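Student: Please find data18.txt (compact mmCIF, C-alpha atoms) on the next line:
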```
# COMPACT_ATOMS: atom_id res chain seq x y z
CA VAL A 22 35.78 14.44 4.71
CA LEU A 23 32.43 16.14 5.20
CA ASN A 24 33.09 18.42 2.24
CA ALA A 25 34.00 15.38 0.11
CA ILE A 26 30.80 13.58 1.09
CA LEU A 27 28.67 16.63 0.43
CA SER A 28 30.38 17.23 -2.91
CA PHE A 29 29.69 13.63 -3.88
CA CYS A 30 26.06 14.09 -2.90
CA ILE A 31 25.87 17.22 -5.04
CA TYR A 32 27.35 15.33 -7.96
CA LEU A 33 24.73 12.60 -7.60
CA ARG A 34 22.07 15.24 -6.87
CA VAL A 35 20.84 13.25 -3.88
CA GLY A 36 19.46 14.91 -0.74
CA TYR A 37 20.62 14.16 2.78
CA ARG A 38 17.21 12.85 3.76
CA TRP A 39 17.29 10.35 0.91
CA ILE A 40 20.74 9.14 1.99
CA THR A 41 19.67 8.77 5.61
CA LYS A 42 16.45 7.03 4.63
CA PHE A 43 18.37 4.69 2.38
CA LEU A 44 20.73 3.72 5.19
CA ALA A 45 17.83 3.29 7.60
CA LEU A 46 16.02 1.13 5.05
CA GLY A 47 19.14 -1.02 4.69
CA CYS A 48 19.35 -1.57 8.46
CA TYR A 49 15.61 -2.24 8.60
CA ALA A 50 15.87 -4.87 5.87
CA ILE A 51 18.84 -6.58 7.57
CA LEU A 52 16.95 -6.80 10.87
CA LEU A 53 13.95 -8.45 9.20
CA MET A 54 16.03 -10.58 6.82
CA PRO A 55 15.38 -13.89 8.69
CA GLY A 56 11.69 -13.49 7.97
CA PHE A 57 12.17 -12.20 4.43
CA LEU A 58 14.25 -15.25 3.51
CA GLN A 59 11.58 -17.65 4.75
CA VAL A 60 8.79 -15.78 2.98
CA GLY A 61 10.94 -15.58 -0.16
CA TYR A 62 11.48 -19.34 -0.11
CA TYR A 63 7.71 -19.84 0.11
CA TYR A 64 7.14 -17.39 -2.74
CA PHE A 65 9.57 -19.05 -5.15
CA PHE A 66 9.19 -22.72 -4.27
CA SER A 67 5.68 -23.31 -2.89
CA SER A 68 3.27 -25.17 -5.17
CA GLN A 69 0.51 -22.97 -3.72
CA VAL A 70 1.89 -19.86 -5.46
CA ARG A 71 1.19 -19.24 -9.15
CA ARG A 72 3.49 -16.41 -10.16
CA SER A 73 3.25 -13.83 -12.92
CA ILE A 74 -0.11 -14.66 -14.47
CA VAL A 75 -0.67 -12.23 -17.34
CA TYR A 76 -3.76 -10.01 -17.05
CA GLY A 77 -2.98 -7.29 -19.64
CA ASP A 78 -0.66 -6.18 -22.40
CA GLN A 79 1.64 -3.85 -20.41
CA PRO A 80 5.03 -5.09 -19.07
CA ARG A 81 3.89 -4.94 -15.43
CA ASN A 82 0.46 -6.45 -16.09
CA ARG A 83 1.06 -9.58 -14.03
CA LEU A 84 -0.39 -11.00 -10.84
CA ASP A 85 0.50 -13.71 -8.36
CA LEU A 86 -2.06 -16.17 -6.99
CA TYR A 87 -1.82 -17.69 -3.50
CA LEU A 88 -3.98 -20.80 -3.23
CA PRO A 89 -5.17 -22.65 -0.12
CA MET A 90 -3.89 -26.17 0.39
CA ASN A 91 -7.29 -27.77 -0.18
CA ILE A 92 -9.81 -26.30 -2.61
CA ASN A 93 -12.74 -28.67 -2.20
CA GLU A 94 -15.27 -25.88 -2.68
CA PRO A 95 -15.22 -22.32 -4.11
CA LYS A 96 -13.11 -20.10 -1.85
CA PRO A 97 -13.41 -16.41 -1.00
CA VAL A 98 -11.00 -14.21 -2.93
CA VAL A 99 -8.89 -11.16 -2.10
CA ALA A 100 -7.62 -8.92 -4.90
CA PHE A 101 -4.65 -7.14 -3.33
CA VAL A 102 -2.90 -3.98 -4.56
CA THR A 103 0.48 -3.56 -2.89
CA GLY A 104 2.06 -0.34 -1.64
CA GLY A 105 5.44 1.18 -2.50
CA ALA A 106 5.07 4.99 -2.55
CA TRP A 107 3.85 4.80 -6.20
CA ILE A 108 7.53 4.19 -7.10
CA ILE A 109 8.71 0.81 -5.77
CA GLY A 110 5.49 -1.22 -5.64
CA TYR A 111 5.76 -4.88 -6.64
CA LYS A 112 3.40 -7.84 -6.46
CA ALA A 113 5.81 -9.93 -4.37
CA TRP A 114 5.45 -7.43 -1.51
CA GLY A 115 2.12 -9.11 -0.82
CA SER A 116 3.59 -12.58 -0.31
CA LEU A 117 3.36 -12.48 3.49
CA LEU A 118 -0.31 -11.46 3.45
CA GLY A 119 -0.97 -13.93 0.65
CA GLN A 120 0.52 -16.78 2.65
CA GLU A 121 -1.42 -15.82 5.79
CA LEU A 122 -4.77 -15.58 4.03
CA ALA A 123 -4.19 -18.76 2.01
CA GLU A 124 -3.68 -20.60 5.31
CA LYS A 125 -7.13 -19.32 6.30
CA GLY A 126 -8.73 -20.70 3.14
CA VAL A 127 -8.73 -17.48 1.10
CA ILE A 128 -7.37 -17.16 -2.44
CA VAL A 129 -5.23 -14.04 -2.86
CA ALA A 130 -4.40 -12.31 -6.14
CA CYS A 131 -1.51 -9.82 -5.75
CA ILE A 132 -1.79 -7.36 -8.63
CA ASP A 133 1.32 -5.72 -10.07
CA TYR A 134 1.10 -2.34 -11.82
CA ARG A 135 3.32 0.20 -13.55
CA ASN A 136 5.31 2.38 -11.13
CA PHE A 137 6.63 5.88 -11.66
CA PRO A 138 8.42 6.81 -13.90
CA GLN A 139 7.25 3.90 -16.08
CA GLY A 140 3.74 5.22 -15.56
CA THR A 141 1.81 7.91 -13.71
CA ILE A 142 -1.21 7.60 -11.46
CA SER A 143 -3.65 7.15 -14.38
CA ASP A 144 -1.63 4.17 -15.58
CA MET A 145 -1.49 2.69 -12.08
CA VAL A 146 -5.25 2.98 -11.60
CA LYS A 147 -5.88 1.57 -15.08
CA ASP A 148 -3.59 -1.41 -14.38
CA ALA A 149 -5.20 -2.09 -11.00
CA SER A 150 -8.67 -1.95 -12.56
CA GLN A 151 -7.60 -4.35 -15.31
CA GLY A 152 -6.17 -6.72 -12.71
CA ILE A 153 -9.40 -6.59 -10.71
CA SER A 154 -11.30 -7.32 -13.93
CA PHE A 155 -9.16 -10.41 -14.53
CA VAL A 156 -9.88 -11.65 -11.02
CA CYS A 157 -13.62 -11.07 -11.34
CA ASN A 158 -13.85 -12.85 -14.69
CA ASN A 159 -11.35 -15.69 -14.27
CA ILE A 160 -10.95 -16.57 -10.60
CA SER A 161 -13.45 -19.44 -10.79
CA GLU A 162 -10.91 -21.31 -12.96
CA TYR A 163 -8.58 -21.36 -9.93
CA GLY A 164 -11.19 -22.43 -7.39
CA GLY A 165 -12.34 -18.96 -6.34
CA ASP A 166 -15.93 -17.90 -5.66
CA PRO A 167 -16.76 -15.01 -8.04
CA ASN A 168 -19.52 -13.96 -5.66
CA ARG A 169 -17.09 -13.45 -2.76
CA ILE A 170 -14.39 -11.10 -4.01
CA TYR A 171 -12.82 -8.53 -1.68
CA LEU A 172 -10.58 -5.65 -2.72
CA VAL A 173 -7.63 -4.85 -0.44
CA GLY A 174 -4.96 -2.16 -0.78
CA GLN A 175 -2.05 -1.16 1.44
CA SER A 176 -0.43 2.30 1.65
CA ALA A 177 -0.11 3.66 -1.91
CA GLY A 178 -1.94 0.53 -3.03
CA ALA A 179 -4.89 1.50 -0.83
CA HIS A 180 -5.06 4.83 -2.64
CA ILE A 181 -4.75 3.22 -6.09
CA ALA A 182 -7.37 0.57 -5.29
CA ALA A 183 -9.78 3.19 -3.91
CA CYS A 184 -9.36 5.27 -7.07
CA ALA A 185 -9.99 2.20 -9.25
CA LEU A 186 -13.11 1.29 -7.29
CA LEU A 187 -14.52 4.82 -7.40
CA ASN A 188 -13.70 5.25 -11.09
CA GLN A 189 -15.53 2.02 -11.83
CA ALA A 190 -18.57 3.22 -9.88
CA ILE A 191 -18.52 6.50 -11.83
CA LYS A 192 -18.41 4.55 -15.11
CA GLU A 193 -21.34 2.42 -14.03
CA GLY A 194 -23.24 5.50 -12.92
CA GLY A 195 -22.91 7.02 -16.39
CA GLU A 196 -24.60 6.00 -19.60
CA GLY A 197 -23.23 3.82 -22.33
CA GLU A 198 -20.02 2.87 -20.55
CA ASN A 199 -18.65 -0.55 -21.42
CA THR A 200 -17.21 -2.16 -18.30
CA SER A 201 -15.41 -5.48 -17.89
CA TRP A 202 -16.20 -5.78 -14.19
CA SER A 203 -18.77 -4.36 -11.80
CA VAL A 204 -18.54 -2.71 -8.39
CA SER A 205 -21.36 -5.06 -7.37
CA GLN A 206 -18.88 -7.96 -7.68
CA ILE A 207 -16.80 -6.51 -4.82
CA LYS A 208 -18.16 -7.54 -1.42
CA ALA A 209 -16.02 -5.04 0.52
CA TYR A 210 -13.00 -2.77 0.17
CA PHE A 211 -10.23 -2.86 2.82
CA GLY A 212 -7.85 0.10 2.92
CA ILE A 213 -4.75 -0.52 5.05
CA SER A 214 -2.74 2.56 6.06
CA GLY A 215 -3.88 4.51 3.03
CA GLY A 216 -4.12 8.17 2.08
CA TYR A 217 -7.30 9.30 0.33
CA ASN A 218 -7.01 13.08 0.12
CA ILE A 219 -3.87 13.74 -1.88
CA LEU A 220 -4.39 17.49 -1.68
CA ASN A 221 -3.72 17.32 2.06
CA LEU A 222 -0.70 15.01 1.79
CA VAL A 223 1.56 16.83 -0.69
CA ASP A 224 3.35 18.88 1.99
CA HIS A 225 3.51 15.92 4.38
CA PHE A 226 5.17 13.71 1.77
CA HIS A 227 7.57 16.51 0.84
CA ARG A 228 8.72 16.80 4.45
CA ARG A 229 9.31 13.06 4.56
CA GLY A 230 11.42 12.99 1.40
CA LEU A 231 8.91 12.33 -1.39
CA TYR A 232 9.53 15.74 -2.88
CA ARG A 233 6.73 17.91 -4.19
CA SER A 234 8.08 18.02 -7.75
CA ILE A 235 8.33 14.23 -7.93
CA PHE A 236 4.97 13.63 -6.30
CA LEU A 237 3.19 16.10 -8.56
CA SER A 238 4.75 14.34 -11.54
CA ILE A 239 3.38 11.04 -10.26
CA MET A 240 -0.07 12.61 -9.79
CA GLU A 241 0.02 14.35 -13.20
CA GLY A 242 0.19 17.89 -11.85
CA GLU A 243 -1.66 19.96 -9.30
CA GLN A 244 -4.74 20.12 -11.51
CA SER A 245 -5.20 16.35 -11.08
CA LEU A 246 -4.88 16.13 -7.29
CA GLU A 247 -8.60 16.49 -6.70
CA ARG A 248 -9.47 13.89 -9.34
CA PHE A 249 -7.22 11.36 -7.62
CA SER A 250 -8.44 12.15 -4.09
CA PRO A 251 -11.29 9.72 -3.32
CA GLU A 252 -12.19 11.66 -0.17
CA VAL A 253 -12.88 14.76 -2.29
CA MET A 254 -14.57 12.88 -5.14
CA VAL A 255 -17.16 11.08 -3.00
CA GLN A 256 -18.41 14.46 -1.75
CA ASP A 257 -18.93 15.84 -5.26
CA PRO A 258 -22.72 16.06 -5.93
CA ARG A 259 -22.11 15.00 -9.55
CA PHE A 260 -21.14 11.52 -8.38
CA ARG A 261 -23.92 10.94 -5.87
CA HIS A 262 -25.34 7.97 -7.77
CA ALA A 263 -21.89 6.45 -8.29
CA VAL A 264 -21.14 6.73 -4.57
CA SER A 265 -24.36 4.87 -3.78
CA LEU A 266 -22.94 1.86 -5.66
CA LEU A 267 -19.91 1.50 -3.42
CA PRO A 268 -19.62 -1.64 -1.24
CA LEU A 269 -18.75 -1.75 2.44
CA ILE A 270 -15.58 0.26 3.05
CA VAL A 271 -13.28 -0.91 5.87
CA LEU A 272 -10.37 1.39 6.77
CA LEU A 273 -7.56 0.06 8.96
CA HIS A 274 -4.75 2.26 10.29
CA GLY A 275 -2.12 2.41 13.03
CA THR A 276 -2.23 5.46 15.29
CA ALA A 277 1.59 5.74 15.31
CA ASP A 278 1.83 5.81 11.51
CA HIS A 279 4.12 8.68 10.46
CA SER A 280 4.31 7.75 6.78
CA ILE A 281 0.59 8.38 6.29
CA PRO A 282 -1.06 9.66 9.50
CA SER A 283 -4.16 7.81 10.71
CA ASN A 284 -6.11 11.07 10.34
CA ALA A 285 -6.16 10.27 6.62
CA SER A 286 -8.38 7.25 7.24
CA LYS A 287 -10.45 9.10 9.85
CA ALA A 288 -11.21 11.93 7.44
CA PHE A 289 -12.12 9.52 4.63
CA ALA A 290 -14.41 7.57 6.95
CA ASP A 291 -16.17 10.80 7.98
CA ALA A 292 -16.61 11.84 4.35
CA LEU A 293 -18.04 8.43 3.42
CA ARG A 294 -20.50 8.48 6.31
CA LYS A 295 -21.75 11.93 5.29
CA VAL A 296 -22.70 10.63 1.85
CA GLY A 297 -24.34 7.46 3.17
CA VAL A 298 -21.66 4.85 2.44
CA GLN A 299 -21.39 1.96 4.88
CA VAL A 300 -17.95 2.32 6.47
CA GLU A 301 -15.98 0.79 9.33
CA LEU A 302 -12.89 2.44 10.82
CA ILE A 303 -10.47 0.29 12.83
CA LEU A 304 -7.50 1.97 14.53
CA TYR A 305 -4.59 0.06 16.05
CA GLU A 306 -3.11 1.88 19.00
CA GLY A 307 0.64 2.45 18.80
CA LYS A 308 1.07 0.66 15.45
CA THR A 309 3.27 2.17 12.76
CA HIS A 310 3.01 2.04 8.97
CA THR A 311 4.92 -1.24 8.74
CA ASP A 312 3.90 -2.80 12.06
CA LEU A 313 0.54 -3.88 10.66
CA PHE A 314 1.86 -5.23 7.38
CA LEU A 315 5.30 -6.60 8.29
CA GLN A 316 6.41 -6.71 11.92
CA ASP A 317 3.18 -8.13 13.37
CA PRO A 318 2.89 -11.00 10.83
CA LEU A 319 6.61 -11.78 11.22
CA ARG A 320 6.16 -11.92 15.00
CA GLY A 321 3.84 -14.92 14.73
CA GLY A 322 0.97 -15.73 17.07
CA ARG A 323 -2.01 -13.39 17.01
CA ASP A 324 -2.24 -10.85 14.18
CA ASP A 325 -4.97 -8.27 14.86
CA LEU A 326 -5.11 -6.95 11.30
CA LEU A 327 -5.42 -10.42 9.79
CA GLU A 328 -8.08 -11.41 12.30
CA ASP A 329 -10.14 -8.31 11.53
CA ILE A 330 -10.00 -8.89 7.77
CA ILE A 331 -10.86 -12.58 8.18
CA ALA A 332 -13.79 -11.67 10.46
CA PHE A 333 -15.37 -9.57 7.68
CA ILE A 334 -14.68 -12.19 5.02
CA GLN A 335 -16.10 -15.02 7.09
CA ALA A 336 -19.11 -13.11 8.39
CA GLY A 337 -22.09 -15.41 8.06
CA ASP A 338 -19.88 -18.45 7.37
CA ALA A 339 -20.69 -20.50 10.47
CA GLY A 340 -18.50 -23.40 9.38
CA ALA A 341 -15.37 -21.26 9.30
CA LEU A 342 -15.47 -19.94 12.86
CA PRO A 343 -14.69 -23.17 14.73
CA ASN A 344 -11.76 -23.85 12.41
CA ASP A 345 -10.23 -20.48 13.22
CA GLU A 346 -10.64 -20.98 16.95
CA ASN A 347 -8.77 -24.27 16.78
CA ALA A 348 -6.17 -23.15 14.25
CA THR A 349 -2.51 -23.49 15.14
CA PRO A 350 -0.96 -20.05 15.82
CA ARG A 351 1.49 -18.86 13.18
CA ARG A 352 5.12 -19.45 14.11
CA ARG A 353 7.55 -16.62 14.74
CA LEU A 354 9.79 -15.72 11.78
CA VAL A 355 11.97 -13.03 13.38
CA PRO A 356 13.32 -12.77 16.97
CA GLU A 357 11.54 -10.17 19.11
CA PHE A 358 14.60 -8.00 19.77
CA MET A 359 15.15 -7.61 16.01
CA LEU A 360 11.52 -6.63 15.50
CA LYS A 361 11.80 -3.98 18.20
CA LEU A 362 14.95 -2.56 16.63
CA ALA A 363 13.24 -2.51 13.23
CA HIS A 364 10.31 -0.65 14.80
CA LYS A 365 12.71 2.04 16.02
CA MET A 366 14.46 2.25 12.66
CA GLU A 367 11.21 2.98 10.87
CA ASP A 368 11.09 6.67 11.77
CA ILE A 369 14.56 7.96 12.56
CA PRO A 370 14.56 11.70 13.41
CA PHE A 371 16.79 13.93 11.32
CA PRO A 372 19.27 16.41 12.80
CA PRO A 373 17.92 19.98 12.52
CA LYS A 374 21.26 21.07 11.03
CA PHE A 375 20.53 19.05 7.91
CA LYS A 376 16.87 19.94 7.39
CA CYS A 377 17.97 22.78 5.14
CA LEU A 378 19.20 20.13 2.69
CA ASP A 379 15.72 18.63 2.24
CA LEU A 380 15.58 19.80 -1.35
CA PRO A 381 14.94 17.94 -4.62
CA MET A 382 18.30 19.14 -5.94
CA PHE A 383 21.34 20.79 -4.35
CA ASP A 384 21.13 23.85 -6.58
CA ASP A 385 19.88 26.41 -4.05
CA THR A 386 22.70 28.60 -2.69
CA ARG A 387 20.56 29.53 0.30
CA ALA A 388 20.77 25.90 1.46
CA TRP A 389 24.56 26.03 1.44
CA ARG A 390 24.64 29.36 3.26
CA SER A 391 22.34 27.97 5.92
CA PHE A 392 24.42 24.80 6.24
CA TYR A 393 27.76 26.57 6.59
CA GLY A 394 26.32 29.34 8.72
CA THR A 395 27.41 32.09 6.30
CA SER A 396 25.56 34.89 4.61
CA GLN A 397 27.89 35.07 1.59
```
So, in terms of structure tokens, how does the structure I just supplied come out?
Tutor:
Amino acid sequence: VLNAILSFCIYLRVGYRWITKFLALGCYAILLMPGFLQVGYYYFFSSQVRRSIVYGDQPRNRLDLYLPMNINEPKPVVAFVTGGAWIIGYKAWGSLLGQELAEKGVIVACIDYRNFPQGTISDMVKDASQGISFVCNNISEYGGDPNRIYLVGQSAGAHIAACALLNQAIKEGGEGENTSWSVSQIKAYFGISGGYNILNLVDHFHRRGLYRSIFLSIMEGEQSLERFSPEVMVQDPRFRHAVSLLPLIVLLHGTADHSIPSNASKAFADALRKVGVQVELILYEGKTHTDLFLQDPLRGGRDDLLEDIIAFIQAGDAGALPNDENATPRRRLVPEFMLKLAHKMEDIPFPPKFKCLDLPMFDDTRAWRSFYGTSQ
């Protein structure tokens, strides 16, 4: 039976880690399904959600808007770039955050973008920048305040959004560049569980199943890793003026994050401070990559990440603080025991016997010799 399974895997050219991760992801999704169904119902049937607004001419150039119930005055705006390992990102992944922020009186624009292999990192950054431009130039038509726009990214989306923001600053720092939006229109950038030095993450991602060959294809080769590493770029003397244009940078990360270790945000914060950028680093003890973005919001009640983001957005807005203190806590969407099981499913260890099969393709005879314990 084992030989049959392995032969089938060879035929499909799928690694053991991918199979295990796929099964774990399936179990994870089933455990959180009660919450996903409720959020999905809101996404498809709520009058507060405007889906698939076109912002560009590419197939994935769409965004979703989440509107507060009452827009009696211009509202603060969040432009959100979702995560998805640069491969499975989709605007609907931001529906839970969009719903939460809309309940707090914030308009949220969830920006979709081309994923790999439909596009590479340059395409993703270009799409995100075009989506941000649409928000900056059109959000007033939907009740948003163009003077209170915040850029938020999560996981791969945090990396893409940071690249878009820095690229825009570099354009503005040059001469003769035509730009459709300005870094000065962004009040603050929030990076949730992001990675900002791609050079240091290639091996880490490879060990976790995002193989080097695939990741380098996404990032357009080794020669481009530095260009798409904001932590490296902000320290380049050539971009000193561009870096001075950056808004407040807020980095949020769980200390138990194994997908992208919290050291990634720590290192970026240190690099930003060295070049004089205003930066805040908030670490959440014991929180994993998905705890902050999924499990905690689905749990209901207090959400530390949401409260921290809202605190920055509402800073100086005296009228908003009493409303938040008296707000009804969010209801629970998933039973606690299912959330705890999902937490454990997030980072299943792999048997050492199978680590030899962590290869992009099963075409290395050394892997088979190691697996079967033979030298022939």
Student: Could you pull out every residue with an atom within 12 Å of (13.6, -7.2, 15.5), file coordinates, counting all atoms listed in the file, and send them as a ChimeraX atom specification?
Tutor: /A:48-56,312,315-317,319-320,353-367
Student: With only C-alpha atoms as the counted atoms, please give the residues lying no more than 8 Å from A:Val298, apart from itself and same-chain residues fewer than 5 positions off, as a list of chain:residue names.
Tutor: A:Val264, A:Ser265, A:Leu267, A:Pro268, A:Leu269, A:Ile270, A:Leu293
Student: For A:Ala263, which of A:Ile219, A:Ile191, A:Ala177, A:Ala277 is the closest residue, counting all atoms listed in the file?
Tutor: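 Of all the options, A:Ile191 lies closest to A:Ala263.
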Student: Let me make sure I understand: among A:Gly230, A:Tyr64, A:Val223, A:Arg259, which one has the smallest atom-to-atom distance to A:Glu243 if we use only C-alpha atoms?
Tutor: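 Ranked by minimum distance to A:Glu243, first place goes to A:Val223.
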Student: Would you compute the distance between atom CA of A:Glu94 and atom CA of A:Phe66? Give it in Å to one decimal.
Tutor: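 Pair atom CA of A:Glu94 / atom CA of A:Phe66 returns 24.7 Å.
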Student: Sort by chain and increasing residue number a table of all residues of stretch 133-181 of chain A within 10 Å of stretch 84-89 of chain A, each with its closest pair of atoms and their distance in Å to one decimal, counting only C-alpha atoms, and write it as a tab-separated table.
Tutor:
```
residue	atom	partner	partner_atom	distance
A:Asp133	CA	A:Leu84	CA	5.6
A:Tyr134	CA	A:Leu84	CA	8.8
A:Gly152	CA	A:Leu84	CA	7.4
A:Phe155	CA	A:Leu84	CA	9.5
A:Val156	CA	A:Leu84	CA	9.5
A:Ile160	CA	A:Leu86	CA	9.6
A:Tyr163	CA	A:Leu88	CA	8.1
A:Gly164	CA	A:Leu88	CA	8.5
A:Gly165	CA	A:Leu88	CA	9.1
```
Student: Compile the contact shell of stretch 327-336 of chain A as a PDB file with C-alpha atoms, in the coordinates of the input: residues with an atom at most 8 Å away, counting all atoms listed in the file, same-chain residues fewer than 6 positions apart removed.
Tutor:
```pdb
ATOM      1  CA  PRO A  97     -13.410 -16.410  -1.000  1.00  0.00           C
ATOM      2  CA  GLU A 121      -1.420 -15.820   5.790  1.00  0.00           C
ATOM      3  CA  LEU A 122      -4.770 -15.580   4.030  1.00  0.00           C
ATOM      4  CA  LYS A 125      -7.130 -19.320   6.300  1.00  0.00           C
ATOM      5  CA  TYR A 171     -12.820  -8.530  -1.680  1.00  0.00           C
ATOM      6  CA  PHE A 211     -10.230  -2.860   2.820  1.00  0.00           C
ATOM      7  CA  LEU A 342     -15.470 -19.940  12.860  1.00  0.00           C
TER       8      LEU A 342
END
```
Student: What does the distance between atom CA of A:Gly215 and atom CA of A:Ser176 come to in Å, to one decimal place?
Tutor: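 Pair atom CA of A:Gly215 / atom CA of A:Ser176 returns 4.3 Å.
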Student: Give me, please, the distance in Å between atom CA of A:Gln189 and atom CA of A:Ser280, quoted to one decimal.
Tutor: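 Atom CA of A:Gln189 sits 27.8 Å away from atom CA of A:Ser280.
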Student: From the set A:Leu272, A:Ile153, A:Ile235, A:Val296, which residue has the shortest atom-to-atom contact distance to A:Ile108, counting all atoms listed in the file?
Tutor: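 Smallest separation from A:Ile108 among the options: A:Ile235.
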Student: Write out as a list in words the residues lying within 12 Å of A:His225, counting all atoms listed in the file and excluding same-chain residues fewer than 6 positions away.
Tutor: Gly216, Asn218, Ile219, Leu231, Tyr232, Arg233, Phe236, His279, Ser280, Ile281, Pro282 and Ala285 of chain A
Student: Which of these residues is nearest to A:Arg169, using all atoms listed in the file: A:Pro258, A:Ile207, A:Tyr305, A:Ser67?
Tutor: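 Looking only at the distances to A:Arg169, the closest residue turns out to be A:Ile207.
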Student: From the set A:Thr200, A:Asn168, A:Asn188, A:Thr141, which residue has the shortest atom-to-atom contact distance to A:Ser154, counting all atoms listed in the file?
Tutor: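 Residue with the minimum atom-to-atom distance to A:Ser154: A:Thr200.
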Student: Any idea what's packed within 12 Å of A:Glu247, counting all atoms listed in the file, ignoring anything in its chain fewer than 2 positions away? Could you give it as an mmCIF file with C-alpha atoms, keeping the file's coordinate frame?
Tutor:
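So part_12.cif came out as:
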```
data_model
loop_
_atom_site.group_PDB
_atom_site.id
_atom_site.type_symbol
_atom_site.label_atom_id
_atom_site.label_comp_id
_atom_site.auth_asym_id
_atom_site.auth_seq_id
_atom_site.Cartn_x
_atom_site.Cartn_y
_atom_site.Cartn_z
ATOM 1 C CA CYS A 184 -9.360 5.270 -7.070
ATOM 2 C CA TYR A 217 -7.300 9.300 0.330
ATOM 3 C CA ASN A 218 -7.010 13.080 0.120
ATOM 4 C CA ILE A 219 -3.870 13.740 -1.880
ATOM 5 C CA LEU A 220 -4.390 17.490 -1.680
ATOM 6 C CA ASN A 221 -3.720 17.320 2.060
ATOM 7 C CA LEU A 222 -0.700 15.010 1.790
ATOM 8 C CA VAL A 223 1.560 16.830 -0.690
ATOM 9 C CA LEU A 237 3.190 16.100 -8.560
ATOM 10 C CA MET A 240 -0.070 12.610 -9.790
ATOM 11 C CA GLU A 241 0.020 14.350 -13.200
ATOM 12 C CA GLY A 242 0.190 17.890 -11.850
ATOM 13 C CA GLU A 243 -1.660 19.960 -9.300
ATOM 14 C CA GLN A 244 -4.740 20.120 -11.510
ATOM 15 C CA SER A 245 -5.200 16.350 -11.080
ATOM 16 C CA PHE A 249 -7.220 11.360 -7.620
ATOM 17 C CA SER A 250 -8.440 12.150 -4.090
ATOM 18 C CA PRO A 251 -11.290 9.720 -3.320
ATOM 19 C CA GLU A 252 -12.190 11.660 -0.170
ATOM 20 C CA VAL A 253 -12.880 14.760 -2.290
ATOM 21 C CA MET A 254 -14.570 12.880 -5.140
ATOM 22 C CA VAL A 255 -17.160 11.080 -3.000
ATOM 23 C CA GLN A 256 -18.410 14.460 -1.750
ATOM 24 C CA ASP A 257 -18.930 15.840 -5.260
#
```
Student: In file coordinates, which residues lie within 12 Å of (-3.5, 2.1, 16.2) using only C-alpha atoms, given as a PyMOL selection string?
Tutor: chain A and resi 213-214+272-279+282-284+286-287+302-313+325-326
Student: Could you write out that same residue set with C-alpha atoms as a compact mmCIF listing (two decimals), in the coordinates of the input?
Tutor:
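Saved as again.txt:
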```txt
# COMPACT_ATOMS: atom_id res chain seq x y z
CA ILE A 213 -4.75 -0.52 5.05
CA SER A 214 -2.74 2.56 6.06
CA LEU A 272 -10.37 1.39 6.77
CA LEU A 273 -7.56 0.06 8.96
CA HIS A 274 -4.75 2.26 10.29
CA GLY A 275 -2.12 2.41 13.03
CA THR A 276 -2.23 5.46 15.29
CA ALA A 277 1.59 5.74 15.31
CA ASP A 278 1.83 5.81 11.51
CA HIS A 279 4.12 8.68 10.46
CA PRO A 282 -1.06 9.66 9.50
CA SER A 283 -4.16 7.81 10.71
CA ASN A 284 -6.11 11.07 10.34
CA SER A 286 -8.38 7.25 7.24
CA LYS A 287 -10.45 9.10 9.85
CA LEU A 302 -12.89 2.44 10.82
CA ILE A 303 -10.47 0.29 12.83
CA LEU A 304 -7.50 1.97 14.53
CA TYR A 305 -4.59 0.06 16.05
CA GLU A 306 -3.11 1.88 19.00
CA GLY A 307 0.64 2.45 18.80
CA LYS A 308 1.07 0.66 15.45
CA THR A 309 3.27 2.17 12.76
CA HIS A 310 3.01 2.04 8.97
CA THR A 311 4.92 -1.24 8.74
CA ASP A 312 3.90 -2.80 12.06
CA LEU A 313 0.54 -3.88 10.66
CA ASP A 325 -4.97 -8.27 14.86
CA LEU A 326 -5.11 -6.95 11.30
```
